[in-house]
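Step one of this worksheet: look at the structure below.
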Amino acid sequence: MSRKRKANRRKTHDVQQAIEPLVKRSKSNEDGASTFTTPQGQVLPSCLEKYWRRRHDFFHKYDEGIQIDEVGWYSVTHEVIAEDTAARVAQLYSPTAQSSEEMDFGRLCVVDAFCGVGGNAIKFATWCEHVIAIDIDPVRLEMARHNAQVYGVADRIEFILGDFYELAPMLKADVVYLSPPWGGV
(Lines give C-alpha, C1' and ligand atoms only; values in the text may rest on other atoms or scores of the structure.)
Protein backbone atom coordinates (compact mmCIF):
# COMPACT_ATOMS: atom_id res chain seq x y z
CA MET A 1 0.00 0.00 0.00
CA SER A 2 1.41 3.41 -0.95
CA ARG A 3 2.32 6.02 1.67
CA LYS A 4 -0.32 8.40 0.32
CA ARG A 5 -3.01 5.74 0.60
CA LYS A 6 -1.92 4.87 4.17
CA ALA A 7 -2.01 8.57 5.11
CA ASN A 8 -5.51 8.91 3.65
CA ARG A 9 -6.70 5.85 5.58
CA ARG A 10 -5.27 7.31 8.80
CA LYS A 11 -7.08 10.61 8.13
CA THR A 12 -10.34 8.75 7.44
CA HIS A 13 -9.90 6.74 10.65
CA ASP A 14 -9.16 9.95 12.65
CA VAL A 15 -12.28 11.63 11.24
CA GLN A 16 -14.39 8.56 12.03
CA GLN A 17 -13.09 8.55 15.62
CA ALA A 18 -13.95 12.25 15.97
CA ILE A 19 -17.48 11.74 14.61
CA GLU A 20 -18.26 8.62 16.70
CA PRO A 21 -19.58 10.60 19.70
CA LEU A 22 -21.78 12.67 17.35
CA VAL A 23 -23.69 9.68 15.94
CA LYS A 24 -26.89 9.07 17.88
CA ARG A 25 -28.33 5.59 18.02
CA SER A 26 -31.89 4.72 18.87
CA LYS A 27 -33.14 1.30 19.85
CA SER A 28 -35.89 1.25 17.26
CA ASN A 29 -38.21 3.35 15.15
CA GLU A 30 -41.96 2.91 14.63
CA ASP A 31 -41.37 -0.32 12.70
CA GLY A 32 -39.19 -1.76 15.45
CA ALA A 33 -36.04 -1.38 13.31
CA SER A 34 -32.92 0.02 14.89
CA THR A 35 -31.74 3.39 13.51
CA PHE A 36 -28.98 5.95 13.91
CA THR A 37 -28.92 9.69 13.32
CA THR A 38 -26.00 11.32 11.51
CA PRO A 39 -24.53 14.64 12.70
CA GLN A 40 -26.46 16.25 9.81
CA GLY A 41 -29.74 14.93 11.28
CA GLN A 42 -30.39 12.19 8.71
CA VAL A 43 -32.03 9.13 10.30
CA LEU A 44 -30.85 5.88 8.71
CA PRO A 45 -31.38 2.19 9.45
CA SER A 46 -28.58 0.77 11.60
CA CYS A 47 -27.70 -1.71 8.85
CA LEU A 48 -26.46 1.27 6.77
CA GLU A 49 -24.14 2.72 9.42
CA LYS A 50 -21.13 0.83 8.04
CA TYR A 51 -21.77 2.43 4.62
CA TRP A 52 -22.34 5.90 6.05
CA ARG A 53 -19.02 5.71 7.91
CA ARG A 54 -17.32 5.11 4.53
CA ARG A 55 -19.33 7.84 2.75
CA HIS A 56 -16.19 9.62 1.52
CA ASP A 57 -15.07 6.38 -0.16
CA PHE A 58 -18.22 6.52 -2.28
CA PHE A 59 -18.19 10.28 -2.95
CA HIS A 60 -15.22 12.38 -1.83
CA LYS A 61 -17.50 15.42 -2.17
CA TYR A 62 -20.15 13.91 0.11
CA ASP A 63 -20.06 16.91 2.46
CA GLU A 64 -20.77 19.28 -0.45
CA GLY A 65 -24.37 18.10 -0.74
CA ILE A 66 -24.30 14.60 -2.24
CA GLN A 67 -27.71 12.93 -2.18
CA ILE A 68 -28.04 9.21 -1.63
CA ASP A 69 -30.99 7.01 -0.67
CA GLU A 70 -31.09 3.70 1.18
CA VAL A 71 -30.59 1.60 -1.97
CA GLY A 72 -27.83 3.93 -3.11
CA TRP A 73 -25.81 3.32 0.05
CA TYR A 74 -25.20 -0.30 -0.82
CA SER A 75 -25.39 -0.01 -4.62
CA VAL A 76 -22.99 2.82 -5.42
CA THR A 77 -19.49 1.87 -6.58
CA HIS A 78 -16.57 3.09 -4.49
CA GLU A 79 -15.19 6.21 -6.13
CA VAL A 80 -11.68 4.79 -6.63
CA ILE A 81 -13.10 1.78 -8.47
CA ALA A 82 -15.44 3.94 -10.58
CA GLU A 83 -12.51 6.22 -11.49
CA ASP A 84 -10.34 3.26 -12.47
CA THR A 85 -13.12 1.72 -14.57
CA ALA A 86 -13.77 5.00 -16.39
CA ALA A 87 -10.06 5.54 -17.01
CA ARG A 88 -9.62 2.04 -18.43
CA VAL A 89 -12.59 2.42 -20.75
CA ALA A 90 -11.43 5.84 -21.95
CA GLN A 91 -7.87 4.64 -22.47
CA LEU A 92 -9.13 1.94 -24.82
CA TYR A 93 -10.05 4.82 -27.14
CA SER A 94 -7.06 7.05 -26.34
CA PRO A 95 -4.27 4.67 -25.26
CA THR A 96 -1.66 7.36 -24.61
CA ALA A 97 -3.77 9.31 -22.08
CA GLN A 98 -2.60 8.92 -18.49
CA SER A 99 -5.16 11.28 -16.95
CA SER A 100 -8.52 12.79 -17.82
CA GLU A 101 -6.74 16.08 -18.62
CA GLU A 102 -4.71 14.30 -21.36
CA MET A 103 -7.75 12.55 -22.78
CA ASP A 104 -8.66 13.24 -26.38
CA PHE A 105 -12.41 13.11 -25.79
CA GLY A 106 -13.26 12.67 -29.44
CA ARG A 107 -16.77 11.28 -29.63
CA LEU A 108 -16.58 8.62 -26.92
CA CYS A 109 -20.07 7.94 -25.58
CA VAL A 110 -20.77 5.63 -22.63
CA VAL A 111 -24.14 4.34 -21.48
CA ASP A 112 -24.47 3.72 -17.74
CA ALA A 113 -27.45 1.37 -17.97
CA PHE A 114 -28.34 1.36 -14.26
CA CYS A 115 -26.95 4.68 -13.01
CA GLY A 116 -28.54 4.72 -9.54
CA VAL A 117 -27.29 7.80 -7.68
CA GLY A 118 -24.63 8.45 -10.33
CA GLY A 119 -21.30 7.20 -8.98
CA ASN A 120 -20.11 5.56 -12.20
CA ALA A 121 -21.77 8.07 -14.55
CA ILE A 122 -19.95 10.93 -12.80
CA LYS A 123 -16.57 9.27 -13.24
CA PHE A 124 -17.29 8.34 -16.86
CA ALA A 125 -18.16 12.00 -17.47
CA THR A 126 -14.71 13.08 -16.20
CA TRP A 127 -13.11 10.87 -18.88
CA CYS A 128 -15.63 10.77 -21.73
CA GLU A 129 -17.33 13.35 -23.91
CA HIS A 130 -20.86 12.09 -23.40
CA VAL A 131 -22.55 9.79 -20.90
CA ILE A 132 -26.11 8.50 -21.10
CA ALA A 133 -27.26 7.69 -17.56
CA ILE A 134 -30.39 5.56 -17.35
CA ASP A 135 -32.39 4.54 -14.31
CA ILE A 136 -35.90 3.26 -13.77
CA ASP A 137 -36.35 5.14 -10.47
CA PRO A 138 -37.16 8.87 -10.91
CA VAL A 139 -36.00 9.85 -7.42
CA ARG A 140 -32.65 8.10 -7.82
CA LEU A 141 -32.22 9.64 -11.29
CA GLU A 142 -32.74 13.12 -9.81
CA MET A 143 -30.17 12.31 -7.13
CA ALA A 144 -27.73 11.30 -9.88
CA ARG A 145 -28.39 14.60 -11.69
CA HIS A 146 -27.85 16.57 -8.47
CA ASN A 147 -24.66 14.65 -7.64
CA ALA A 148 -23.30 15.26 -11.16
CA GLN A 149 -23.86 19.00 -10.57
CA VAL A 150 -21.90 18.79 -7.32
CA TYR A 151 -19.01 17.27 -9.30
CA GLY A 152 -19.39 19.79 -12.14
CA VAL A 153 -19.99 17.21 -14.90
CA ALA A 154 -23.77 17.41 -15.37
CA ASP A 155 -23.30 19.07 -18.77
CA ARG A 156 -21.70 15.86 -20.11
CA ILE A 157 -24.45 13.54 -18.88
CA GLU A 158 -27.84 12.93 -20.47
CA PHE A 159 -30.22 11.55 -17.84
CA ILE A 160 -32.97 9.25 -19.09
CA LEU A 161 -35.79 7.85 -16.97
CA GLY A 162 -36.65 4.38 -18.22
CA ASP A 163 -35.90 0.69 -18.41
CA PHE A 164 -32.56 0.04 -20.09
CA TYR A 165 -33.81 -3.21 -21.61
CA GLU A 166 -36.58 -1.34 -23.44
CA LEU A 167 -34.31 1.57 -24.43
CA ALA A 168 -31.28 -0.47 -25.53
CA PRO A 169 -32.36 -1.02 -29.15
CA MET A 170 -32.64 2.75 -29.66
CA LEU A 171 -29.30 3.75 -28.09
CA LYS A 172 -26.10 4.56 -29.97
CA ALA A 173 -22.90 4.45 -27.91
CA ASP A 174 -19.32 3.20 -27.93
CA VAL A 175 -19.57 1.46 -24.56
CA VAL A 176 -22.43 0.11 -22.45
CA TYR A 177 -21.60 -0.23 -18.76
CA LEU A 178 -23.79 -2.72 -16.91
CA SER A 179 -23.79 -2.73 -13.12
CA PRO A 180 -27.33 -3.68 -12.15
CA PRO A 181 -28.58 -3.15 -8.60
CA TRP A 182 -28.14 -6.32 -6.64
CA GLY A 183 -30.58 -5.57 -3.83
CA GLY A 184 -28.76 -6.61 -0.68
CA VAL A 185 -27.30 -5.06 2.45
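Note on naming: chains are A, B, ... as they come in the C-alpha coordinates, residues start from 1 per chain, ligands start from 1 in the order shown.
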Next on the checklist: Can you pull out the residues contacting segment 154-159 of chain A? Cut-off 8 Å, using only C-alpha atoms, and skip same-chain residues under 2 positions away; I want them as an NGL selection string.
Outcome noted: :A and (121-122 or 125 or 129-134 or 141 or 145 or 148-149 or 151-152 or 161)
Excluding segment 64-80 of chain A and residues on its chain fewer than 4 positions from it, collect all residues at most 12 Å away from it, counting only C-alpha atoms, and give them as an MDAnalysis selection string. chainID A and resid 5 40 42:60 84:87 114:124 137 139:152 179:185
